[in-house]
Structure formats: structure tokens, C-alpha cells
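Here's the structure, in C-alpha cells; my notes come after.
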Amino acid sequence: MTSFDSVEDLVLVAGATGGVGQLVVGKLLEKGVKVRVLTRNSAKAEEMFNQRVEIAVGDIRQPATLPAAMSGVTHIINCTGTTAFPSARWEFDQPPNLIEWGIIFLNPKSSEAKAKNSPAKIDAQGVSNLVVAAPQSLKRFIFISSCGILRKNQFPFSILNGFGVLDAKQKGEESIINSGLPYTIIRPGRLIDGPYTSYDLNTLLKAKTGGKYGVVIGTGDTLSGDASRIDVANACVECLFQPSSSRKIFEIVNQGQRPPVIDWETLFSEIE
């Protein structure tokens, strides 16, 4: 199995200016990894990362914008996402009025045609577009999914999936698995710590989890609880260096006493 080379390899981070994505970029830079960010807003990325990353302008919802970002890419970390419930982040052509909001909440599928940034557009179709554009020589595709994928009919995941976010993430997972590309799929619990959307790069490089809990990894979608964005970002980066995490799907939450140092190698080696 090909090992990660932080000098030669190039990691493309999609969703790099989001809460987890920023932290992923910060952690990669801290380890001396070459990073290219895929973004719709180059000015925002330049300001945020202080010109320490390559910038590719593209949109996972627009397949034609993706091939140009793939030259030389050896790994992809996909941190893209939107809100589980309709919000301004869904990018409606026109803000819904009160009656339209009522229709959307009574008939969740009615929002799909109106929104440009819904879970179906991002977590399902967008991920599929990124998979299709990925180089066949890709060493790893890392995707941040969600706990509850296999428990969509159980509370509280049935509520979370009211507008199809878990359905969409599951479709994203399936497109990755069926692609034949090496992958790691990370399913965090409810995200806490951050997001650090107003922080500069120096702050990102110093980000530490404010929680006192350890990192717990499981399989089979049985875990529930909170997951620090910082620990999720660490998992995305650390699994690049751990061949045992390839072609694995795991959940991550924060529970129990936190040790002085998180032993990622041992955690990944225990994934079945």
C-alpha cells in the first residue's frame, strides 16, 4: 500500500473555508504538507490562508469547473456540507416568504427545486461530481459524512434527516465506495468546537480542542454524541499517514477521559 509523502504528495481540500475545512488546512500546513484548496471565493481563501496554499477556483456543483483543479493531486479531503435544515446557506434564488417557508417545512421535497445549496446538491451530487473528476491514480479520497447514516429511522436521526441530509450523505458515501478509489469515510457525531470562520491562519495553527473528552472511534454506526471539529480535522489529516485507515468507514465522537496525546495509529489499527 502506498504511503503518504508529505513532501511529494498534494492534497486537495474541498470546503476548505468551512468550519472543519479550515482546521484541516491548518493541520496539513502544520505538518508541512502541500495543499491546494478548491473554493468558489479565491479572495476569501487567499486572506484566510495567507497565501500558503495553492488555490483552485471551482464548484463541486458544477462538474466542468473541477478537472482543472486535479492536476498533480494525490489525495482529496472533502469537507463540504450545508445545513441539515433549510437556511440562507441553501442559497435560494429568492428568500422564501412565510407561506413558502410553511410549504417547505410541510413538504421538504419542495425545497429541492428552489435551493442551490441543499444536501442533495452538495452531499450527494456534489460528492459524486468530485469523485468523477478525481484522478484514477488518487491515493485516498477522504469524506466527512455523519453518524446516523444507518439509523435514519431512529430518533434523533429521523429528525436530523427530515430534509434528507443523511440520505444525501449516504449517496455520497456510495459514490465514493463504488468508484474503486481508495477511501476513508469519517462519520462524526454532532459537531462542536468552532467553527473558526473568522480566524486567521495563525489562530488555526494553534487550535486545540476545548473539550476534556477522549476520542472514540467505532464502526457499524453505533456511536452517538458530540465530536470536536478539531478532532475531526485531526482524524482527516492523521489517516493520511496511517495505511490501516484505507478503505475504512468509522464513526468518531468525544467521550471518556482525554489522554495527554491522542494515539491515532492505535485508534485506526483497531478499526475492523
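How things are named: the first chain in the C-alpha cells is A, the next is B, and so on; residues count from 1 in each chain; ligands count from 1 in the order shown.
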> Lys139 in chain A: which residues within 12 Å, counting only C-alpha atoms, same-chain residues fewer than 2 positions away excluded, as number ranges by chain?
Replying inline: A: 1-5, 9-12, 72-77, 134-137, 141-142, 180-184, 239-241, 243, 246-247
Would you write out those residues with C-alpha atoms, as an mmCIF file, in the first residue's frame?
```cif
data_model
loop_
_atom_site.group_PDB
_atom_site.id
_atom_site.type_symbol
_atom_site.label_atom_id
_atom_site.label_comp_id
_atom_site.auth_asym_id
_atom_site.auth_seq_id
_atom_site.Cartn_x
_atom_site.Cartn_y
_atom_site.Cartn_z
ATOM 1 C CA MET A 1 0.000 0.000 0.000
ATOM 2 C CA THR A 2 1.371 3.403 -0.992
ATOM 3 C CA SER A 3 2.457 5.516 1.968
ATOM 4 C CA PHE A 4 1.893 9.238 2.280
ATOM 5 C CA ASP A 5 4.783 11.517 1.351
ATOM 6 C CA ASP A 9 2.100 14.473 -2.379
ATOM 7 C CA LEU A 10 -0.501 17.180 -2.977
ATOM 8 C CA VAL A 11 -3.762 17.277 -1.014
ATOM 9 C CA LEU A 12 -6.834 18.964 -2.470
ATOM 10 C CA GLY A 72 -0.974 16.603 -9.633
ATOM 11 C CA VAL A 73 -3.467 15.867 -6.861
ATOM 12 C CA THR A 74 -2.701 12.681 -4.916
ATOM 13 C CA HIS A 75 -5.272 12.940 -2.108
ATOM 14 C CA ILE A 76 -8.665 14.618 -1.709
ATOM 15 C CA ILE A 77 -10.233 15.616 1.610
ATOM 16 C CA ALA A 134 -10.715 12.684 -9.289
ATOM 17 C CA PRO A 135 -7.556 11.242 -10.875
ATOM 18 C CA GLN A 136 -7.678 7.467 -11.242
ATOM 19 C CA SER A 137 -4.249 7.414 -9.601
ATOM 20 C CA PHE A 141 -10.460 10.126 -1.030
ATOM 21 C CA ILE A 142 -11.466 11.230 2.473
ATOM 22 C CA GLY A 180 -12.967 1.904 -6.859
ATOM 23 C CA LEU A 181 -10.810 4.693 -5.430
ATOM 24 C CA PRO A 182 -9.085 4.139 -2.068
ATOM 25 C CA TYR A 183 -11.146 5.965 0.540
ATOM 26 C CA THR A 184 -11.675 6.768 4.193
ATOM 27 C CA CYS A 239 -5.435 8.996 8.460
ATOM 28 C CA LEU A 240 -3.285 10.132 5.511
ATOM 29 C CA PHE A 241 -0.277 8.854 7.422
ATOM 30 C CA PRO A 243 -2.311 2.944 5.760
ATOM 31 C CA SER A 246 -7.611 2.985 3.931
ATOM 32 C CA ARG A 247 -10.937 1.582 2.674
#
```
Residue contacts of Ser145 in chain A (7 Å, only C-alpha atoms) excluding same-chain residues fewer than 2 positions away, as a JSON list (two decimals) with all heavy atoms, in the first residue's frame:
```
[["chain", "number", "residue", "atom", "x", "y", "z"],
["A", 143, "PHE", "N", -13.77, 11.52, 3.07],
["A", 143, "PHE", "CA", -15.08, 12.18, 3.06],
["A", 143, "PHE", "C", -15.61, 12.28, 4.48],
["A", 143, "PHE", "O", -15.65, 11.30, 5.22],
["A", 143, "PHE", "CB", -16.05, 11.37, 2.20],
["A", 143, "PHE", "CG", -17.46, 11.90, 2.17],
["A", 143, "PHE", "CD1", -17.74, 13.23, 1.93],
["A", 143, "PHE", "CD2", -18.54, 11.04, 2.38],
["A", 143, "PHE", "CE1", -19.04, 13.71, 1.90],
["A", 143, "PHE", "CE2", -19.85, 11.50, 2.34],
["A", 143, "PHE", "CZ", -20.10, 12.83, 2.11],
["A", 169, "LYS", "N", -25.93, 12.20, 2.28],
["A", 169, "LYS", "CA", -24.58, 11.77, 2.65],
["A", 169, "LYS", "C", -24.38, 10.29, 2.34],
["A", 169, "LYS", "O", -23.28, 9.88, 1.95],
["A", 169, "LYS", "CB", -24.33, 12.07, 4.13],
["A", 169, "LYS", "CG", -24.10, 13.55, 4.41],
["A", 169, "LYS", "CD", -23.67, 13.79, 5.83],
["A", 169, "LYS", "CE", -23.43, 15.28, 6.10],
["A", 169, "LYS", "NZ", -22.28, 15.82, 5.35],
["A", 185, "ILE", "N", -13.92, 7.05, 5.02],
["A", 185, "ILE", "CA", -15.16, 7.78, 5.29],
["A", 185, "ILE", "C", -15.28, 7.96, 6.80],
["A", 185, "ILE", "O", -15.25, 6.99, 7.56],
["A", 185, "ILE", "CB", -16.38, 7.05, 4.73],
["A", 185, "ILE", "CG1", -16.31, 7.03, 3.19],
["A", 185, "ILE", "CG2", -17.69, 7.70, 5.20],
["A", 185, "ILE", "CD1", -17.37, 6.18, 2.52],
["A", 186, "ILE", "N", -15.38, 9.21, 7.22],
["A", 186, "ILE", "CA", -15.43, 9.56, 8.64],
["A", 186, "ILE", "C", -16.83, 10.06, 8.96],
["A", 186, "ILE", "O", -17.32, 11.00, 8.33],
["A", 186, "ILE", "CB", -14.38, 10.64, 8.96],
["A", 186, "ILE", "CG1", -12.98, 10.14, 8.61],
["A", 186, "ILE", "CG2", -14.45, 11.04, 10.44],
["A", 186, "ILE", "CD1", -11.89, 11.19, 8.73],
["A", 187, "ARG", "N", -17.46, 9.45, 9.96],
["A", 187, "ARG", "CA", -18.81, 9.81, 10.36],
["A", 187, "ARG", "C", -18.79, 10.42, 11.76],
["A", 187, "ARG", "O", -18.87, 9.71, 12.76],
["A", 187, "ARG", "CB", -19.72, 8.58, 10.36],
["A", 187, "ARG", "CG", -19.94, 7.93, 8.99],
["A", 187, "ARG", "CD", -20.65, 6.61, 9.16],
["A", 187, "ARG", "NE", -21.07, 6.02, 7.89],
["A", 187, "ARG", "CZ", -21.51, 4.77, 7.75],
["A", 187, "ARG", "NH1", -21.60, 3.98, 8.82],
["A", 187, "ARG", "NH2", -21.86, 4.32, 6.57],
["A", 188, "PRO", "N", -18.68, 11.74, 11.86],
["A", 188, "PRO", "CA", -18.66, 12.36, 13.18],
["A", 188, "PRO", "C", -20.05, 12.47, 13.79],
["A", 188, "PRO", "O", -21.07, 12.45, 13.08],
["A", 188, "PRO", "CB", -18.09, 13.76, 12.90],
["A", 188, "PRO", "CG", -18.49, 14.03, 11.48],
["A", 188, "PRO", "CD", -18.49, 12.71, 10.78]]
```
Just want the 9 Å neighbourhood of range 83-85 of chain A, counted on only C-alpha atoms, with same-chain residues fewer than 6 positions away dropped. Output as a PDB file with N, CA, C and O atoms, in the first residue's frame.
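Below you can see result.pdb, which holds the result:
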```
ATOM      1  N   ASN A 117     -28.092  25.003  -2.802  1.00  0.00           N
ATOM      2  CA  ASN A 117     -27.058  24.502  -1.901  1.00  0.00           C
ATOM      3  C   ASN A 117     -27.634  23.547  -0.861  1.00  0.00           C
ATOM      4  O   ASN A 117     -27.203  23.519   0.278  1.00  0.00           O
ATOM      5  N   SER A 118     -28.611  22.744  -1.274  1.00  0.00           N
ATOM      6  CA  SER A 118     -29.251  21.794  -0.373  1.00  0.00           C
ATOM      7  C   SER A 118     -28.359  20.571  -0.187  1.00  0.00           C
ATOM      8  O   SER A 118     -27.395  20.365  -0.941  1.00  0.00           O
ATOM      9  N   PRO A 119     -28.649  19.711   0.801  1.00  0.00           N
ATOM     10  CA  PRO A 119     -27.862  18.482   0.954  1.00  0.00           C
ATOM     11  C   PRO A 119     -27.800  17.635  -0.315  1.00  0.00           C
ATOM     12  O   PRO A 119     -26.744  17.086  -0.644  1.00  0.00           O
ATOM     13  N   LEU A 160     -33.089  14.646  12.299  1.00  0.00           N
ATOM     14  CA  LEU A 160     -31.977  15.224  11.555  1.00  0.00           C
ATOM     15  C   LEU A 160     -32.149  15.020  10.055  1.00  0.00           C
ATOM     16  O   LEU A 160     -31.783  15.887   9.246  1.00  0.00           O
ATOM     17  N   ASN A 161     -32.731  13.904   9.685  1.00  0.00           N
ATOM     18  CA  ASN A 161     -32.882  13.562   8.269  1.00  0.00           C
ATOM     19  C   ASN A 161     -34.190  14.094   7.678  1.00  0.00           C
ATOM     20  O   ASN A 161     -34.564  13.714   6.561  1.00  0.00           O
ATOM     21  N   GLY A 162     -34.853  14.980   8.382  1.00  0.00           N
ATOM     22  CA  GLY A 162     -36.142  15.487   7.922  1.00  0.00           C
ATOM     23  C   GLY A 162     -36.105  16.083   6.527  1.00  0.00           C
ATOM     24  O   GLY A 162     -37.081  16.002   5.770  1.00  0.00           O
ATOM     25  N   PHE A 163     -34.985  16.704   6.171  1.00  0.00           N
ATOM     26  CA  PHE A 163     -34.834  17.291   4.837  1.00  0.00           C
ATOM     27  C   PHE A 163     -33.783  16.546   4.012  1.00  0.00           C
ATOM     28  O   PHE A 163     -33.228  17.087   3.061  1.00  0.00           O
ATOM     29  N   GLY A 164     -33.501  15.296   4.416  1.00  0.00           N
ATOM     30  CA  GLY A 164     -32.720  14.401   3.578  1.00  0.00           C
ATOM     31  C   GLY A 164     -31.220  14.491   3.675  1.00  0.00           C
ATOM     32  O   GLY A 164     -30.515  13.961   2.818  1.00  0.00           O
ATOM     33  N   VAL A 165     -30.682  15.102   4.743  1.00  0.00           N
ATOM     34  CA  VAL A 165     -29.231  15.248   4.806  1.00  0.00           C
ATOM     35  C   VAL A 165     -28.525  13.898   4.931  1.00  0.00           C
ATOM     36  O   VAL A 165     -27.483  13.669   4.296  1.00  0.00           O
ATOM     37  N   LEU A 166     -29.090  12.973   5.712  1.00  0.00           N
ATOM     38  CA  LEU A 166     -28.457  11.666   5.844  1.00  0.00           C
ATOM     39  C   LEU A 166     -28.636  10.830   4.581  1.00  0.00           C
ATOM     40  O   LEU A 166     -27.734  10.073   4.205  1.00  0.00           O
TER      41      LEU A 166
END
```
> Residues at most 10 Å from Ile122 in chain A, counting only C-alpha atoms, excluding those fewer than 5 positions away in the same chain, as a ChimeraX atom specification?
Replying inline: /A:59-61,80-82,90,116-117,127-129,165,168-169,172
Only all heavy atoms, please: the residues just picked out, written as a tab-separated table (two decimals), in the first residue's frame.
```tsv
chain	number	residue	atom	x	y	z
A	59	ASP	N	-16.36	24.62	-8.24
A	59	ASP	CA	-17.61	24.41	-7.51
A	59	ASP	C	-18.02	22.96	-7.71
A	59	ASP	O	-18.22	22.53	-8.86
A	59	ASP	CB	-18.68	25.36	-8.06
A	59	ASP	CG	-19.98	25.34	-7.26
A	59	ASP	OD1	-20.26	24.34	-6.59
A	59	ASP	OD2	-20.72	26.34	-7.33
A	60	ILE	N	-18.13	22.20	-6.64
A	60	ILE	CA	-18.46	20.78	-6.78
A	60	ILE	C	-19.84	20.57	-7.41
A	60	ILE	O	-20.14	19.48	-7.89
A	60	ILE	CB	-18.38	20.03	-5.44
A	60	ILE	CG1	-19.39	20.56	-4.41
A	60	ILE	CG2	-16.98	20.09	-4.88
A	60	ILE	CD1	-19.49	19.69	-3.16
A	61	ARG	N	-20.67	21.61	-7.44
A	61	ARG	CA	-21.97	21.50	-8.08
A	61	ARG	C	-21.88	21.67	-9.59
A	61	ARG	O	-22.86	21.40	-10.31
A	61	ARG	CB	-22.94	22.55	-7.50
A	61	ARG	CG	-23.14	22.44	-5.99
A	61	ARG	CD	-23.88	23.64	-5.43
A	61	ARG	NE	-23.14	24.88	-5.69
A	61	ARG	CZ	-23.54	26.09	-5.27
A	61	ARG	NH1	-24.67	26.20	-4.58
A	61	ARG	NH2	-22.82	27.15	-5.53
A	80	THR	N	-16.89	19.52	2.40
A	80	THR	CA	-18.05	20.32	2.00
A	80	THR	C	-19.30	19.90	2.78
A	80	THR	O	-19.39	18.78	3.28
A	80	THR	CB	-18.32	20.18	0.50
A	80	THR	OG1	-18.54	18.80	0.19
A	80	THR	CG2	-17.16	20.71	-0.31
A	81	GLY	N	-20.25	20.80	2.86
A	81	GLY	CA	-21.50	20.50	3.55
A	81	GLY	C	-22.38	21.73	3.60
A	81	GLY	O	-21.95	22.83	3.27
A	82	THR	N	-23.61	21.51	3.99
A	82	THR	CA	-24.55	22.61	4.18
A	82	THR	C	-25.37	22.29	5.42
A	82	THR	O	-25.11	21.31	6.11
A	82	THR	CB	-25.44	22.78	2.92
A	82	THR	OG1	-26.24	23.95	3.07
A	82	THR	CG2	-26.32	21.57	2.68
A	90	TRP	N	-28.70	27.54	2.08
A	90	TRP	CA	-29.22	26.73	0.97
A	90	TRP	C	-29.25	27.53	-0.32
A	90	TRP	O	-29.50	26.98	-1.37
A	90	TRP	CB	-30.62	26.21	1.32
A	90	TRP	CG	-30.60	25.00	2.20
A	90	TRP	CD1	-29.72	24.72	3.19
A	90	TRP	CD2	-31.52	23.91	2.17
A	90	TRP	NE1	-30.03	23.53	3.80
A	90	TRP	CE2	-31.14	23.01	3.19
A	90	TRP	CE3	-32.64	23.62	1.40
A	90	TRP	CZ2	-31.82	21.83	3.43
A	90	TRP	CZ3	-33.33	22.44	1.66
A	90	TRP	CH2	-32.93	21.55	2.65
A	116	LYS	N	-30.13	26.06	-4.23
A	116	LYS	CA	-28.92	25.71	-4.98
A	116	LYS	C	-27.91	24.96	-4.13
A	116	LYS	O	-26.97	24.37	-4.66
A	116	LYS	CB	-28.25	26.98	-5.50
A	116	LYS	CG	-29.08	27.80	-6.47
A	116	LYS	CD	-28.32	29.05	-6.86
A	116	LYS	CE	-29.12	29.93	-7.82
A	116	LYS	NZ	-28.40	31.18	-8.15
A	117	ASN	N	-28.09	25.00	-2.80
A	117	ASN	CA	-27.06	24.50	-1.90
A	117	ASN	C	-27.63	23.55	-0.86
A	117	ASN	O	-27.20	23.52	0.28
A	117	ASN	CB	-26.37	25.68	-1.20
A	117	ASN	CG	-24.93	25.40	-0.87
A	117	ASN	OD1	-24.17	24.96	-1.71
A	117	ASN	ND2	-24.54	25.67	0.36
A	127	VAL	N	-20.62	15.50	-4.25
A	127	VAL	CA	-19.60	14.49	-3.95
A	127	VAL	C	-19.39	13.58	-5.16
A	127	VAL	O	-18.26	13.25	-5.54
A	127	VAL	CB	-20.00	13.66	-2.72
A	127	VAL	CG1	-19.04	12.48	-2.51
A	127	VAL	CG2	-20.01	14.54	-1.47
A	128	SER	N	-20.48	13.19	-5.79
A	128	SER	CA	-20.38	12.36	-7.00
A	128	SER	C	-19.58	13.06	-8.09
A	128	SER	O	-18.73	12.45	-8.75
A	128	SER	CB	-21.78	12.01	-7.51
A	128	SER	OG	-21.71	11.26	-8.70
A	129	ASN	N	-19.82	14.36	-8.26
A	129	ASN	CA	-19.08	15.13	-9.26
A	129	ASN	C	-17.58	15.13	-8.95
A	129	ASN	O	-16.74	15.01	-9.85
A	129	ASN	CB	-19.58	16.57	-9.31
A	129	ASN	CG	-20.99	16.69	-9.87
A	129	ASN	OD1	-21.49	15.79	-10.54
A	129	ASN	ND2	-21.64	17.79	-9.57
A	165	VAL	N	-30.68	15.10	4.74
A	165	VAL	CA	-29.23	15.25	4.81
A	165	VAL	C	-28.53	13.90	4.93
A	165	VAL	O	-27.48	13.67	4.30
A	165	VAL	CB	-28.82	16.20	5.95
A	165	VAL	CG1	-29.15	15.62	7.32
A	165	VAL	CG2	-27.33	16.53	5.84
A	168	ALA	N	-28.67	12.08	1.62
A	168	ALA	CA	-27.70	12.64	0.67
A	168	ALA	C	-26.29	12.18	1.00
A	168	ALA	O	-25.52	11.82	0.10
A	168	ALA	CB	-27.79	14.16	0.69
A	169	LYS	N	-25.93	12.20	2.28
A	169	LYS	CA	-24.58	11.77	2.65
A	169	LYS	C	-24.38	10.29	2.34
A	169	LYS	O	-23.28	9.88	1.95
A	169	LYS	CB	-24.33	12.07	4.13
A	169	LYS	CG	-24.10	13.55	4.41
A	169	LYS	CD	-23.67	13.79	5.83
A	169	LYS	CE	-23.43	15.28	6.10
A	169	LYS	NZ	-22.28	15.82	5.35
A	172	GLY	N	-23.57	10.05	-1.19
A	172	GLY	CA	-22.18	10.47	-1.38
A	172	GLY	C	-21.22	9.35	-1.02
A	172	GLY	O	-20.26	9.08	-1.76
```
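Using only C-alpha atoms, the smallest distance between any of A:Pro86, A:Pro260, A:Gly220, A:Gly189 and Phe157 in chain A comes from A:Gly189.
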>> With only C-alpha atoms as the counted atoms, please give the residues lying no more than 12 Å from Thr266 in chain A, apart from itself and same-chain residues fewer than 3 positions off, as a PyMOL selection string.
In response: chain A and resi 215-217+238-239+242-245+261-263+269-271
> Suppose you want the space between CA of Arg190 in chain A and CA of Ala16 in chain A; what is it in Å?
Replying inline: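 CA of Ala16 in chain A lies at a distance of 19.4 Å from CA of Arg190 in chain A.
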> In Å to one decimal, how far is CA of Lys152 in chain A from CA of Gln170 in chain A?
Replying inline: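 Between CA of Gln170 in chain A and CA of Lys152 in chain A the gap works out to 10.3 Å.
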>> I'd like to know which residues of range 30-256 of chain A are helix (DSSP H, G or I) (by DSSP, run on the backbone); could you write them as a ChimeraX atom specification?
In response: /A:30,42-49,63-65,67-69,88-90,98-106,108-111,119-133,157-163,165-178,201-205,229-241,243-245
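Closest approach to Leu23 in chain A among A:Asp193, A:Ser224, A:Ser6, A:Thr219: A:Asp193, based on only C-alpha atoms.
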With only C-alpha atoms as the counted atoms, please give the residues lying no more than 7 Å from Val53 in chain A, apart from itself and same-chain residues fewer than 4 positions off, as a CSV table (one decimal) with all heavy atoms, in the first residue's frame.
```
chain,number,residue,atom,x,y,z
A,35,VAL,N,-0.7,21.9,0.0
A,35,VAL,CA,-2.2,21.9,0.0
A,35,VAL,C,-2.7,22.8,-1.2
A,35,VAL,O,-2.1,23.8,-1.5
A,35,VAL,CB,-2.7,22.5,1.3
A,35,VAL,CG1,-4.2,22.6,1.3
A,35,VAL,CG2,-2.2,21.8,2.5
A,36,ARG,N,-3.7,22.3,-1.9
A,36,ARG,CA,-4.5,23.1,-2.8
A,36,ARG,C,-5.9,23.1,-2.3
A,36,ARG,O,-6.5,22.1,-2.0
A,36,ARG,CB,-4.4,22.5,-4.2
A,36,ARG,CG,-5.2,23.2,-5.3
A,36,ARG,CD,-5.1,22.5,-6.6
A,36,ARG,NE,-3.8,22.5,-7.1
A,36,ARG,CZ,-3.3,21.6,-8.0
A,36,ARG,NH1,-4.1,20.7,-8.5
A,36,ARG,NH2,-2.0,21.7,-8.4
A,37,VAL,N,-6.5,24.3,-2.3
A,37,VAL,CA,-7.9,24.4,-1.8
A,37,VAL,C,-8.8,24.6,-3.0
A,37,VAL,O,-8.5,25.4,-4.0
A,37,VAL,CB,-8.1,25.5,-0.8
A,37,VAL,CG1,-7.2,25.2,0.4
A,37,VAL,CG2,-7.8,26.9,-1.3
A,49,PHE,N,-5.8,31.9,4.3
A,49,PHE,CA,-4.6,31.1,4.4
A,49,PHE,C,-3.3,31.8,4.1
A,49,PHE,O,-2.3,31.1,4.0
A,49,PHE,CB,-4.8,29.8,3.5
A,49,PHE,CG,-6.1,29.1,3.8
A,49,PHE,CD1,-7.1,28.8,2.9
A,49,PHE,CD2,-6.3,28.5,5.1
A,49,PHE,CE1,-8.2,28.1,3.2
A,49,PHE,CE2,-7.4,27.8,5.4
A,49,PHE,CZ,-8.4,27.6,4.5
```
> Would you give me, as a ChimeraX atom specification, the residues in range 60-259 of chain A that DSSP reads as strand (DSSP E)?
Replying inline: /A:75-78,140-144,183-188,190-192,213-218,226-228,248-257
